[in-house]
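Visitor: My structure is in entry08.cif, and what it holds is mmCIF, C-alpha atoms:
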```
data_start
#
loop_
_atom_site.label_atom_id
_atom_site.label_comp_id
_atom_site.auth_asym_id
_atom_site.auth_seq_id
_atom_site.Cartn_x
_atom_site.Cartn_y
_atom_site.Cartn_z
CA MET W 1 -7.40 -0.18 -15.89
CA GLU W 2 -9.07 3.08 -16.82
CA LEU W 3 -10.69 5.34 -14.26
CA ILE W 4 -14.06 4.87 -15.92
CA ASP W 5 -13.86 1.13 -15.13
CA ILE W 6 -13.11 1.81 -11.48
CA ILE W 7 -15.71 4.52 -10.91
CA ARG W 8 -18.82 2.35 -11.03
CA PRO W 9 -21.59 2.04 -8.44
CA GLU W 10 -20.68 -1.59 -7.64
CA ASN W 11 -17.10 -0.57 -6.76
CA GLN W 12 -18.07 2.20 -4.37
CA VAL W 13 -16.58 1.63 -0.92
CA PHE W 14 -17.20 5.00 0.69
CA CYS W 15 -19.66 7.84 0.23
CA LYS W 16 -21.62 10.35 2.26
CA THR W 17 -24.22 8.68 4.46
CA LYS W 18 -27.86 9.21 3.55
CA LEU W 19 -28.51 10.38 7.11
CA MET W 20 -26.81 13.65 6.28
CA THR W 21 -28.94 16.03 4.25
CA ASP W 22 -27.69 17.69 1.06
CA ILE W 23 -27.67 21.12 2.72
CA PRO W 24 -24.06 22.40 2.65
CA LEU W 25 -22.56 22.41 6.15
CA SER W 26 -22.30 25.91 7.59
CA TYR W 27 -18.96 25.16 9.24
CA CYS W 28 -15.67 26.74 8.26
CA PRO W 29 -13.44 24.70 5.95
CA GLY W 30 -11.60 22.00 7.88
CA CYS W 31 -13.78 22.21 11.00
CA GLY W 32 -13.98 18.99 13.00
CA HIS W 33 -17.73 19.46 13.47
CA GLY W 34 -18.43 18.19 9.95
CA THR W 35 -16.48 14.99 10.50
CA ALA W 36 -18.07 14.51 13.92
CA HIS W 37 -21.59 14.99 12.48
CA ASN W 38 -20.92 12.47 9.76
CA ILE W 39 -19.42 9.93 12.15
CA VAL W 40 -22.43 10.08 14.48
CA MET W 41 -24.81 9.67 11.53
CA GLU W 42 -22.76 6.80 10.08
CA VAL W 43 -22.93 4.97 13.41
CA ILE W 44 -26.72 5.42 13.58
CA ASP W 45 -27.03 4.26 9.97
CA GLU W 46 -24.85 1.19 10.47
CA MET W 47 -26.62 0.19 13.68
CA GLY W 48 -29.96 0.50 11.87
CA ILE W 49 -31.52 2.57 14.66
CA VAL W 50 -32.50 5.65 12.68
CA GLU W 51 -36.22 5.15 13.34
CA ASP W 52 -35.59 4.96 17.10
CA THR W 53 -33.07 7.76 17.50
CA ILE W 54 -33.82 11.28 18.72
CA GLY W 55 -31.10 13.89 18.80
CA VAL W 56 -30.86 17.15 20.71
CA ALA W 57 -28.95 19.99 19.07
CA PRO W 58 -27.20 22.62 21.18
CA VAL W 59 -26.59 26.33 20.86
CA GLY W 60 -23.33 27.26 19.22
CA CYS W 61 -21.76 26.48 15.87
CA SER W 62 -23.62 23.18 15.75
CA VAL W 63 -27.03 24.76 16.42
CA LEU W 64 -27.97 23.99 12.83
CA ALA W 65 -27.30 20.27 13.33
CA TYR W 66 -31.06 19.76 12.87
CA ASP W 67 -30.67 20.98 9.30
CA PHE W 68 -27.79 18.66 8.54
CA MET W 69 -28.79 15.48 10.37
CA ASN W 70 -31.58 13.70 8.58
CA ILE W 71 -33.07 12.18 11.72
CA ASP W 72 -35.60 13.14 14.39
CA ILE W 73 -33.92 15.97 16.21
CA THR W 74 -34.86 18.87 18.42
CA GLN W 75 -32.95 21.84 19.74
CA ALA W 76 -32.58 22.94 23.32
CA ALA W 77 -31.96 26.25 25.05
CA HIS W 78 -28.31 27.11 25.62
CA GLY W 79 -26.72 24.36 27.68
CA ARG W 80 -30.00 22.59 28.42
CA ALA W 81 -29.62 19.73 25.95
CA PRO W 82 -29.00 17.06 28.66
CA ALA W 83 -32.18 18.20 30.47
CA VAL W 84 -34.23 17.94 27.26
CA ALA W 85 -32.61 14.58 26.47
CA THR W 86 -33.50 13.40 29.99
CA ALA W 87 -37.16 14.21 29.37
CA ILE W 88 -37.21 12.49 25.98
CA SER W 89 -35.50 9.36 27.25
CA ARG W 90 -37.87 9.14 30.24
CA ILE W 91 -40.96 9.53 28.06
CA TRP W 92 -39.68 7.01 25.50
CA PRO W 93 -37.29 4.73 27.41
CA GLU W 94 -36.86 2.48 24.36
CA LYS W 95 -35.51 5.29 22.17
CA TYR W 96 -31.86 6.13 21.56
CA VAL W 97 -31.42 9.71 22.70
CA PHE W 98 -28.25 11.67 22.13
CA THR W 99 -27.10 15.25 22.58
CA TYR W 100 -24.49 16.88 20.43
CA GLN W 101 -22.88 19.80 22.25
CA GLY W 102 -19.90 22.09 21.99
CA ASP W 103 -17.72 23.23 24.85
CA GLY W 104 -19.37 26.62 25.23
CA ASP W 105 -22.71 24.87 25.58
CA LEU W 106 -21.78 21.85 27.66
CA ALA W 107 -18.88 23.10 29.77
CA ALA W 108 -19.95 26.70 30.37
CA ILE W 109 -23.64 27.55 30.60
CA GLY W 110 -24.73 23.91 30.71
CA THR W 111 -22.32 22.63 33.37
CA GLY W 112 -25.10 22.16 35.91
CA GLU W 113 -27.42 20.29 33.52
CA THR W 114 -24.57 18.13 32.29
CA ILE W 115 -23.28 17.16 35.71
CA HIS W 116 -26.74 16.41 37.08
CA ALA W 117 -27.80 14.41 34.01
CA CYS W 118 -24.56 12.44 34.37
CA ASN W 119 -25.09 12.03 38.11
CA ARG W 120 -28.62 10.72 37.57
CA GLY W 121 -27.21 8.24 35.07
CA GLU W 122 -29.78 8.98 32.40
CA ASN W 123 -29.77 6.47 29.56
CA ILE W 124 -28.51 8.89 26.92
CA VAL W 125 -25.40 9.56 24.84
CA ILE W 126 -23.62 12.90 25.10
CA VAL W 127 -21.29 13.84 22.24
CA PHE W 128 -19.12 16.72 23.40
CA VAL W 129 -17.09 18.58 20.79
CA ASN W 130 -14.30 20.49 22.51
CA ASN W 131 -12.41 23.08 20.50
CA GLY W 132 -11.31 25.26 23.39
CA ILE W 133 -13.07 28.39 22.24
CA TYR W 134 -16.46 29.95 21.56
CA GLY W 135 -16.41 29.51 17.79
CA MET W 136 -19.72 30.94 16.64
CA THR W 137 -19.64 34.23 18.54
CA GLY W 138 -16.14 35.18 17.46
CA GLY W 139 -13.51 33.18 19.32
CA GLN W 140 -14.05 34.28 22.93
CA MET W 141 -12.41 32.45 25.80
CA ALA W 142 -14.27 29.32 26.86
CA PRO W 143 -13.85 27.32 30.10
CA THR W 144 -11.80 24.85 28.06
CA THR W 145 -9.38 27.44 26.63
CA LEU W 146 -5.82 26.35 27.35
CA PRO W 147 -3.46 28.36 29.64
CA ASN W 148 -1.72 31.14 27.67
CA MET W 149 -3.92 30.49 24.66
CA PRO W 150 -4.97 33.75 23.01
CA SER W 151 -8.62 34.35 22.28
CA SER W 152 -10.60 37.48 21.46
CA THR W 153 -11.40 38.08 25.14
CA SER W 154 -7.94 37.02 26.36
CA PRO W 155 -5.74 38.59 23.67
CA TYR W 156 -2.55 38.14 25.70
CA GLY W 157 -3.34 34.52 26.44
CA ARG W 158 -5.37 32.94 29.24
CA ASP W 159 -3.77 34.07 32.47
CA THR W 160 -4.54 31.30 34.95
CA THR W 161 -4.02 33.57 37.97
CA THR W 162 -7.08 35.63 37.09
CA MET W 163 -8.98 33.45 34.59
CA GLY W 164 -8.62 30.05 36.17
CA PHE W 165 -7.69 26.77 34.58
CA PRO W 166 -9.24 24.86 31.68
CA LEU W 167 -12.14 22.70 32.78
CA LYS W 168 -11.61 18.99 32.20
CA MET W 169 -15.28 18.17 31.88
CA THR W 170 -14.71 14.61 30.74
CA GLU W 171 -12.57 13.66 33.75
CA LEU W 172 -15.09 15.42 35.97
CA VAL W 173 -18.08 13.38 34.82
CA ALA W 174 -16.07 10.16 34.71
CA ASN W 175 -16.01 10.19 38.50
CA LEU W 176 -19.79 10.10 38.75
CA PRO W 177 -21.26 6.64 39.42
CA GLY W 178 -24.17 7.08 36.98
CA VAL W 179 -21.81 7.39 34.03
CA TYR W 180 -21.04 4.08 32.35
CA PHE W 181 -18.69 4.95 29.50
CA VAL W 182 -16.41 7.95 29.05
CA SER W 183 -14.00 8.41 26.21
CA ARG W 184 -12.01 11.23 24.64
CA GLN W 185 -11.32 11.06 20.93
CA SER W 186 -10.38 13.24 17.99
CA VAL W 187 -11.32 13.30 14.31
CA HIS W 188 -8.47 15.13 12.56
CA THR W 189 -6.83 12.06 10.97
CA HIS W 190 -8.23 8.83 9.58
CA LYS W 191 -6.92 6.79 12.52
CA HIS W 192 -8.44 9.10 15.10
CA ALA W 193 -11.71 9.38 13.18
CA ARG W 194 -12.07 5.59 13.02
CA LYS W 195 -11.36 5.28 16.76
CA ALA W 196 -13.91 8.00 17.48
CA LYS W 197 -16.47 6.13 15.44
CA LYS W 198 -15.87 2.97 17.49
CA ALA W 199 -16.28 4.95 20.71
CA ILE W 200 -19.59 6.46 19.55
CA GLU W 201 -20.76 3.02 18.45
CA LYS W 202 -19.99 1.69 21.91
CA ALA W 203 -21.88 4.60 23.45
CA PHE W 204 -25.05 3.85 21.45
CA GLU W 205 -24.62 0.15 22.24
CA ASN W 206 -24.65 1.04 25.95
CA THR W 207 -27.91 2.90 25.42
CA ARG W 208 -29.37 -0.22 23.81
CA LEU W 209 -28.31 -2.25 26.85
CA LYS W 210 -29.72 0.47 29.19
CA LYS W 211 -26.42 0.78 31.00
CA GLY W 212 -26.58 4.48 31.77
CA LEU W 213 -24.98 7.59 30.42
CA SER W 214 -22.21 7.44 27.83
CA PHE W 215 -20.04 10.51 27.32
CA VAL W 216 -17.79 10.90 24.29
CA GLU W 217 -15.60 13.98 24.00
CA ILE W 218 -14.20 14.86 20.59
CA VAL W 219 -11.24 17.22 20.74
CA SER W 220 -11.58 19.34 17.63
CA ASN W 221 -9.93 22.27 15.96
CA CYS W 222 -11.38 25.74 15.45
CA ASN W 223 -9.15 27.06 12.73
CA SER W 224 -11.07 30.32 12.32
CA GLY W 225 -11.13 31.02 16.05
CA TRP W 226 -7.49 30.03 16.45
CA LYS W 227 -6.55 32.13 13.38
CA MET W 228 -4.78 29.29 11.58
CA THR W 229 -5.17 27.24 8.43
CA PRO W 230 -6.94 23.88 8.93
CA ILE W 231 -3.71 21.89 8.69
CA GLU W 232 -1.83 24.26 11.03
CA SER W 233 -4.68 24.07 13.51
CA ASN W 234 -4.59 20.27 13.47
CA ILE W 235 -0.84 20.32 14.19
CA TRP W 236 -1.34 22.94 16.91
CA MET W 237 -4.09 20.77 18.41
CA GLU W 238 -1.79 17.73 18.51
CA GLU W 239 1.00 19.73 20.14
CA ASN W 240 -1.04 21.76 22.63
CA MET W 241 -4.51 20.33 23.17
CA PHE W 242 -3.61 16.64 23.44
CA PRO W 243 -1.11 17.03 26.35
CA TYR W 244 -3.84 18.76 28.38
CA PHE W 245 -6.74 16.66 27.04
CA PRO W 246 -5.15 13.22 26.55
CA LEU W 247 -7.03 10.92 24.17
CA GLY W 248 -8.30 7.49 25.09
CA ASP W 249 -10.97 5.71 27.08
CA ILE W 250 -11.34 7.11 30.60
CA LYS W 251 -14.14 4.91 31.93
CA VAL W 252 -15.16 1.62 30.34
CA ASP W 253 -18.04 -0.53 31.61
CA GLY W 254 -18.41 1.65 34.67
CA ILE W 255 -14.79 1.19 35.78
CA LEU W 256 -12.30 4.07 35.77
CA LYS W 257 -9.10 3.31 33.87
CA MET Q 1 -1.33 -11.63 -7.44
CA ALA Q 2 -4.23 -9.40 -6.83
CA LYS Q 3 -3.65 -5.69 -6.70
CA VAL Q 4 -6.02 -3.02 -5.54
CA LYS Q 5 -6.82 -0.01 -7.67
CA GLY Q 6 -8.79 2.89 -6.34
CA ALA Q 7 -10.25 6.16 -7.43
CA ILE Q 8 -11.93 9.11 -5.79
CA VAL Q 9 -14.67 11.36 -7.04
CA VAL Q 10 -14.77 14.82 -5.48
CA ASP Q 11 -18.02 16.74 -5.28
CA THR Q 12 -16.36 19.97 -6.38
CA GLU Q 13 -19.23 22.17 -5.18
CA ALA Q 14 -19.23 20.59 -1.70
CA CYS Q 15 -15.43 20.74 -1.29
CA LYS Q 16 -14.30 23.72 0.79
CA GLY Q 17 -10.61 23.31 0.03
CA CYS Q 18 -9.56 22.71 3.64
CA GLU Q 19 -6.82 20.31 2.48
CA VAL Q 20 -7.13 17.94 5.47
CA CYS Q 21 -7.37 15.06 2.98
CA ILE Q 22 -3.87 15.75 1.62
CA PRO Q 23 -1.69 14.76 4.65
CA VAL Q 24 -3.77 11.62 5.36
CA CYS Q 25 -3.29 10.30 1.80
CA LEU Q 26 -0.32 7.98 2.18
CA ASP Q 27 0.07 7.63 -1.60
CA ASN Q 28 0.09 11.40 -2.34
CA VAL Q 29 -2.81 11.12 -4.74
CA ILE Q 30 -4.63 14.36 -3.92
CA SER Q 31 -3.75 17.95 -4.81
CA MET Q 32 -5.71 21.17 -4.88
CA SER Q 33 -6.95 22.44 -8.21
CA THR Q 34 -5.93 25.83 -9.54
CA GLU Q 35 -9.55 26.48 -10.43
CA VAL Q 36 -12.18 27.45 -7.91
CA ASN Q 37 -15.74 26.29 -7.42
CA ARG Q 38 -18.82 28.48 -7.19
CA LYS Q 39 -18.05 29.40 -3.58
CA GLY Q 40 -14.50 30.40 -4.48
CA TYR Q 41 -12.72 27.45 -2.90
CA HIS Q 42 -9.95 25.50 -4.58
CA TYR Q 43 -11.15 21.92 -4.63
CA ALA Q 44 -9.33 18.61 -4.24
CA TYR Q 45 -8.66 16.43 -7.26
CA MET Q 46 -6.70 13.29 -8.08
CA SER Q 47 -3.34 14.54 -9.35
CA ASN Q 48 -1.76 11.10 -9.24
CA PRO Q 49 -4.60 8.63 -10.02
CA GLU Q 50 -2.26 5.71 -10.66
CA ALA Q 51 -1.20 5.56 -7.00
CA CYS Q 52 -4.70 5.49 -5.45
CA THR Q 53 -5.50 2.31 -3.53
CA GLY Q 54 -9.01 3.27 -2.44
CA CYS Q 55 -8.06 3.20 1.26
CA THR Q 56 -10.89 5.69 2.12
CA ASN Q 57 -8.63 7.74 4.45
CA CYS Q 58 -9.46 10.95 2.57
CA GLY Q 59 -13.18 10.28 2.72
CA VAL Q 60 -13.14 9.54 6.46
CA VAL Q 61 -11.50 12.87 7.36
CA CYS Q 62 -13.42 15.02 4.88
CA PRO Q 63 -15.68 17.23 7.05
CA ASP Q 64 -18.05 17.84 4.16
CA ARG Q 65 -17.98 14.28 2.86
CA ALA Q 66 -17.20 15.63 -0.60
CA ILE Q 67 -15.16 12.54 -1.48
CA SER Q 68 -16.60 9.21 -2.67
CA VAL Q 69 -14.13 6.34 -2.92
CA TYR Q 70 -14.17 3.47 -5.38
CA ARG Q 71 -12.01 0.35 -5.19
CA VAL Q 72 -11.56 -2.64 -7.43
CA LYS Q 73 -9.29 -5.70 -7.32
CA VAL Q 74 -7.25 -6.32 -10.43
CA SER Q 75 -5.12 -9.36 -11.16
CA VAL Q 76 -1.64 -8.56 -12.44
#
```
For the file at hand, write its structure as structure tokens.

Guide:
Amino acid sequence: MELIDIIRPENQVFCKTKLMTDIPLSYCPGCGHGTAHNIVMEVIDEMGIVEDTIGVAPVGCSVLAYDFMNIDITQAAHGRAPAVATAISRIWPEKYVFTYQGDGDLAAIGTGETIHACNRGENIVIVFVNNGIYGMTGGQMAPTTLPNMPSSTSPYGRDTTTMGFPLKMTELVANLPGVYFVSRQSVHTHKHARKAKKAIEKAFENTRLKKGLSFVEIVSNCNSGWKMTPIESNIWMEENMFPYFPLGDIKVDGILK
Amino acid sequence: MAKVKGAIVVDTEACKGCEVCIPVCLDNVISMSTEVNRKGYHYAYMSNPEACTGCTNCGVVCPDRAISVYRVKVSV
């Protein structure tokens, strides 16, 4: 069979979702943000809730999410996305509200907003992309930077005696009673990306059922910040990030695993 | 017996040449071109089109969704 017989519209099994705009993503080549964006949009598309979904973009690399996601979306001050999402979901309780935040936004400046939104059990979805570094501003140390991991503000590695330990935000919020579903996923291989998609689908399903807050962490690479090629950074992430940030569901249906 | 044949189409201008699609392709279909696109990135292409099964693994991991996948069943 010739290629021209295979490449026909009726044989298409996978393509870019229409909920992503045609604007080229501003992310570095191989960045997990692109995959995470697409997965969130594919879930919204497949659930048929695009008319009822409102997103909140963060500050950080993904600040331009409102350019890439072809849905109703706003953008909050640094770290304040859960507070803005709280307001939106209280004004329109029937809407699906989600925030998309990086670790510098959610785990550093926005720790207070995040923990209190989780503690109040707002009916929103938080997608937390954790790459262990401040990517946009030049690879500075973030609260989630691993011990001994070099960054531009910890060039000899994170010394835990003076700089403290990486913040496990996901485990932290899992202990709060208002949080209904907590999961940690990754998107660097097809298996992980499909699992992450299922987790995000479950999170939006919980919003539909008004169960409370769903929190999905996506452990991602930052190949530019880590000074590696995309493939090297994915291997480094598997070897170093996953032992500290183990993947899997942490809280399902309000019960800690 | 039915066999599955697949093919990918790469949006060469959207591809940033990150190569994450190469290790996830279990049939070693994808390679990077020697040419570059307008942004200066080497883009992915099907170097071994016979082996493609249209499994969509490459499309699912592509951060820029530059890959569309086609699949058809053929009887042998």

Visitor: What are the nearest atom pairs, with distances in Å to one decimal, for all residues of chain W that come at most 10 Å from chain Q, using only C-alpha atoms, set out by chain and rising residue number as CSV?

Guide:
```
residue,atom,partner,partner_atom,distance
W:Met1,CA,Q:Val74,CA,8.2
W:Glu2,CA,Q:Glu50,CA,9.6
W:Leu3,CA,Q:Ala7,CA,6.9
W:Ile4,CA,Q:Ala7,CA,9.4
W:Asp5,CA,Q:Val72,CA,8.9
W:Ile6,CA,Q:Val72,CA,6.2
W:Ile7,CA,Q:Tyr70,CA,5.8
W:Arg8,CA,Q:Tyr70,CA,7.4
W:Pro9,CA,Q:Tyr70,CA,8.2
W:Glu10,CA,Q:Tyr70,CA,8.5
W:Asn11,CA,Q:Tyr70,CA,5.2
W:Gln12,CA,Q:Tyr70,CA,4.2
W:Val13,CA,Q:Tyr70,CA,5.4
W:Phe14,CA,Q:Val69,CA,4.9
W:Cys15,CA,Q:Ser68,CA,4.4
W:Lys16,CA,Q:Arg65,CA,5.4
W:Thr17,CA,Q:Arg65,CA,8.5
W:Met20,CA,Q:Arg65,CA,9.5
W:Asp22,CA,Q:Ala14,CA,9.4
W:Ile23,CA,Q:Ala14,CA,9.5
W:Pro24,CA,Q:Ala14,CA,6.7
W:Leu25,CA,Q:Asp64,CA,6.7
W:Ser26,CA,Q:Asp64,CA,9.7
W:Tyr27,CA,Q:Pro63,CA,8.9
W:Cys28,CA,Q:Lys16,CA,8.2
W:Pro29,CA,Q:Cys18,CA,4.9
W:Gly30,CA,Q:Cys18,CA,4.8
W:Cys31,CA,Q:Pro63,CA,6.6
W:Gly32,CA,Q:Pro63,CA,6.4
W:His33,CA,Q:Pro63,CA,7.1
W:Gly34,CA,Q:Pro63,CA,4.1
W:Thr35,CA,Q:Pro63,CA,4.2
W:Ala36,CA,Q:Pro63,CA,7.8
W:His37,CA,Q:Pro63,CA,8.3
W:Asn38,CA,Q:Pro63,CA,7.6
W:Ile39,CA,Q:Val60,CA,8.5
W:Val187,CA,Q:Val61,CA,7.0
W:His188,CA,Q:Val61,CA,6.4
W:Thr189,CA,Q:Val61,CA,6.0
W:His190,CA,Q:Asn57,CA,5.3
W:Lys191,CA,Q:Asn57,CA,8.3
W:His192,CA,Q:Val61,CA,9.1
W:Ala193,CA,Q:Val61,CA,6.8
W:Arg194,CA,Q:Val60,CA,7.7
W:Thr229,CA,Q:Cys18,CA,7.9
W:Pro230,CA,Q:Cys18,CA,6.0
W:Ile231,CA,Q:Val20,CA,6.1
W:Glu232,CA,Q:Val20,CA,9.9
W:Asn234,CA,Q:Val20,CA,8.7
```

Visitor: Taking the file as shown, what set of residues would the PyMOL selection byres ((chain W and resi 212) around 8) give back, as a compact mmCIF listing (two decimals) with C-alpha atoms, in the coordinates of the input?

Guide:
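Done, and the output landed in expr.txt:
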```txt
# COMPACT_ATOMS: atom_id res chain seq x y z
CA GLY W 121 -27.21 8.24 35.07
CA GLU W 122 -29.78 8.98 32.40
CA ASN W 123 -29.77 6.47 29.56
CA ILE W 124 -28.51 8.89 26.92
CA GLY W 178 -24.17 7.08 36.98
CA VAL W 179 -21.81 7.39 34.03
CA TYR W 180 -21.04 4.08 32.35
CA ASN W 206 -24.65 1.04 25.95
CA THR W 207 -27.91 2.90 25.42
CA LYS W 210 -29.72 0.47 29.19
CA LYS W 211 -26.42 0.78 31.00
CA LEU W 213 -24.98 7.59 30.42
CA SER W 214 -22.21 7.44 27.83
```

Visitor: What does the PyMOL selection byres ((chain W and resi 80-87) around 8) select in this file, as a list of chain:residue names?

Guide: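 So the PyMOL selection byres ((chain W and resi 80-87) around 8), applied here, picks out W:Gly55, W:Val56, W:Ala57, W:Pro58, W:Gln75, W:Ala76, W:Ala77, W:His78, W:Gly79, W:Ile88, W:Ser89, W:Arg90, W:Ile91, W:Val97, W:Phe98, W:Thr99, W:Gln101, W:Gly110, W:Glu113, W:Thr114, W:Ala117, W:Glu122, W:Asn123, W:Ile124, W:Ile126.
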
Visitor: Return as a list in words the set of residues that the PyMOL selection byres ((chain W and resi 149-157) around 8) yields on the displayed structure.

Guide: Ile133, Gly138, Gly139, Gln140, Met141, Thr145, Leu146, Pro147, Asn148, Arg158, Asp159, Gly225 and Trp226 of chain W

Visitor: Would you export the selected residues with C-alpha atoms as a JSON list (two decimals), in the frame of the given file, please?

Guide:
```json
[["chain", "number", "residue", "atom", "x", "y", "z"],
["W", 133, "ILE", "CA", -13.07, 28.39, 22.24],
["W", 138, "GLY", "CA", -16.14, 35.18, 17.46],
["W", 139, "GLY", "CA", -13.51, 33.18, 19.32],
["W", 140, "GLN", "CA", -14.05, 34.28, 22.93],
["W", 141, "MET", "CA", -12.41, 32.45, 25.80],
["W", 145, "THR", "CA", -9.38, 27.44, 26.63],
["W", 146, "LEU", "CA", -5.82, 26.35, 27.35],
["W", 147, "PRO", "CA", -3.46, 28.36, 29.64],
["W", 148, "ASN", "CA", -1.72, 31.14, 27.67],
["W", 158, "ARG", "CA", -5.37, 32.94, 29.24],
["W", 159, "ASP", "CA", -3.77, 34.07, 32.47],
["W", 225, "GLY", "CA", -11.13, 31.02, 16.05],
["W", 226, "TRP", "CA", -7.49, 30.03, 16.45]]
```

Visitor: Find the residues around region 29-31 of chain Q up to 8 Å (only C-alpha atoms counted), leave out those fewer than 5 positions away in its own chain, and share them as a VMD selection string.

Guide: chain Q and resid 21 to 22 44 to 49 51 to 52

Visitor: Between CA of Asp52 (chain W) and CA of Tyr96 (chain W), what is the distance in Å, rounded to a tenth?

Guide: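 Calculated distance between CA of Asp52 (chain W) and CA of Tyr96 (chain W) is 5.9 Å.
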
Visitor: What does the structure give for the distance between CA of Met241 (chain W) and CA of Met32 (chain Q), in Å to one decimal?

Guide: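 For CA of Met241 (chain W) relative to CA of Met32 (chain Q), the distance reads 28.1 Å.
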
Visitor: Generate the coordinates of N, CA and C atoms for region 34-51 of chain Q; report them as a PDB file, keeping the file's coordinate frame.

Guide:
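Printed below is out-v3.pdb as written:
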```
ATOM      1  N   THR Q  34      -6.180  24.385  -9.398  1.00  0.00           N
ATOM      2  CA  THR Q  34      -5.930  25.830  -9.540  1.00  0.00           C
ATOM      3  C   THR Q  34      -7.241  26.570  -9.759  1.00  0.00           C
ATOM      4  N   GLU Q  35      -8.244  25.842 -10.235  1.00  0.00           N
ATOM      5  CA  GLU Q  35      -9.550  26.480 -10.430  1.00  0.00           C
ATOM      6  C   GLU Q  35     -10.322  26.532  -9.124  1.00  0.00           C
ATOM      7  N   VAL Q  36     -11.351  27.347  -9.111  1.00  0.00           N
ATOM      8  CA  VAL Q  36     -12.180  27.450  -7.910  1.00  0.00           C
ATOM      9  C   VAL Q  36     -13.616  27.048  -8.244  1.00  0.00           C
ATOM     10  N   ASN Q  37     -14.332  26.618  -7.199  1.00  0.00           N
ATOM     11  CA  ASN Q  37     -15.740  26.290  -7.420  1.00  0.00           C
ATOM     12  C   ASN Q  37     -16.611  27.528  -7.229  1.00  0.00           C
ATOM     13  N   ARG Q  38     -17.916  27.331  -7.203  1.00  0.00           N
ATOM     14  CA  ARG Q  38     -18.820  28.480  -7.190  1.00  0.00           C
ATOM     15  C   ARG Q  38     -18.666  29.319  -5.910  1.00  0.00           C
ATOM     16  N   LYS Q  39     -18.226  28.641  -4.822  1.00  0.00           N
ATOM     17  CA  LYS Q  39     -18.050  29.400  -3.580  1.00  0.00           C
ATOM     18  C   LYS Q  39     -16.683  30.085  -3.521  1.00  0.00           C
ATOM     19  N   GLY Q  40     -15.821  29.777  -4.475  1.00  0.00           N
ATOM     20  CA  GLY Q  40     -14.500  30.400  -4.480  1.00  0.00           C
ATOM     21  C   GLY Q  40     -13.424  29.581  -3.818  1.00  0.00           C
ATOM     22  N   TYR Q  41     -13.726  28.313  -3.525  1.00  0.00           N
ATOM     23  CA  TYR Q  41     -12.720  27.450  -2.900  1.00  0.00           C
ATOM     24  C   TYR Q  41     -11.990  26.639  -3.961  1.00  0.00           C
ATOM     25  N   HIS Q  42     -10.678  26.466  -3.759  1.00  0.00           N
ATOM     26  CA  HIS Q  42      -9.950  25.500  -4.580  1.00  0.00           C
ATOM     27  C   HIS Q  42     -10.361  24.105  -4.127  1.00  0.00           C
ATOM     28  N   TYR Q  43     -10.660  23.229  -5.044  1.00  0.00           N
ATOM     29  CA  TYR Q  43     -11.150  21.920  -4.630  1.00  0.00           C
ATOM     30  C   TYR Q  43     -10.102  20.833  -4.865  1.00  0.00           C
ATOM     31  N   ALA Q  44     -10.280  19.725  -4.139  1.00  0.00           N
ATOM     32  CA  ALA Q  44      -9.330  18.610  -4.240  1.00  0.00           C
ATOM     33  C   ALA Q  44      -9.573  17.856  -5.538  1.00  0.00           C
ATOM     34  N   TYR Q  45      -8.514  17.307  -6.088  1.00  0.00           N
ATOM     35  CA  TYR Q  45      -8.660  16.430  -7.260  1.00  0.00           C
ATOM     36  C   TYR Q  45      -7.538  15.402  -7.231  1.00  0.00           C
ATOM     37  N   MET Q  46      -7.701  14.361  -8.018  1.00  0.00           N
ATOM     38  CA  MET Q  46      -6.700  13.290  -8.080  1.00  0.00           C
ATOM     39  C   MET Q  46      -5.583  13.724  -9.018  1.00  0.00           C
ATOM     40  N   SER Q  47      -4.437  14.130  -8.474  1.00  0.00           N
ATOM     41  CA  SER Q  47      -3.340  14.540  -9.350  1.00  0.00           C
ATOM     42  C   SER Q  47      -2.496  13.352  -9.758  1.00  0.00           C
ATOM     43  N   ASN Q  48      -2.597  12.271  -8.978  1.00  0.00           N
ATOM     44  CA  ASN Q  48      -1.760  11.100  -9.240  1.00  0.00           C
ATOM     45  C   ASN Q  48      -2.656   9.853  -9.193  1.00  0.00           C
ATOM     46  N   PRO Q  49      -3.581   9.694 -10.137  1.00  0.00           N
ATOM     47  CA  PRO Q  49      -4.600   8.630 -10.020  1.00  0.00           C
ATOM     48  C   PRO Q  49      -4.025   7.224 -10.026  1.00  0.00           C
ATOM     49  N   GLU Q  50      -2.853   7.047 -10.593  1.00  0.00           N
ATOM     50  CA  GLU Q  50      -2.260   5.710 -10.660  1.00  0.00           C
ATOM     51  C   GLU Q  50      -1.982   5.131  -9.274  1.00  0.00           C
ATOM     52  N   ALA Q  51      -1.647   6.029  -8.314  1.00  0.00           N
ATOM     53  CA  ALA Q  51      -1.200   5.560  -7.000  1.00  0.00           C
ATOM     54  C   ALA Q  51      -2.360   5.245  -6.060  1.00  0.00           C
TER      55      ALA Q  51
END
```
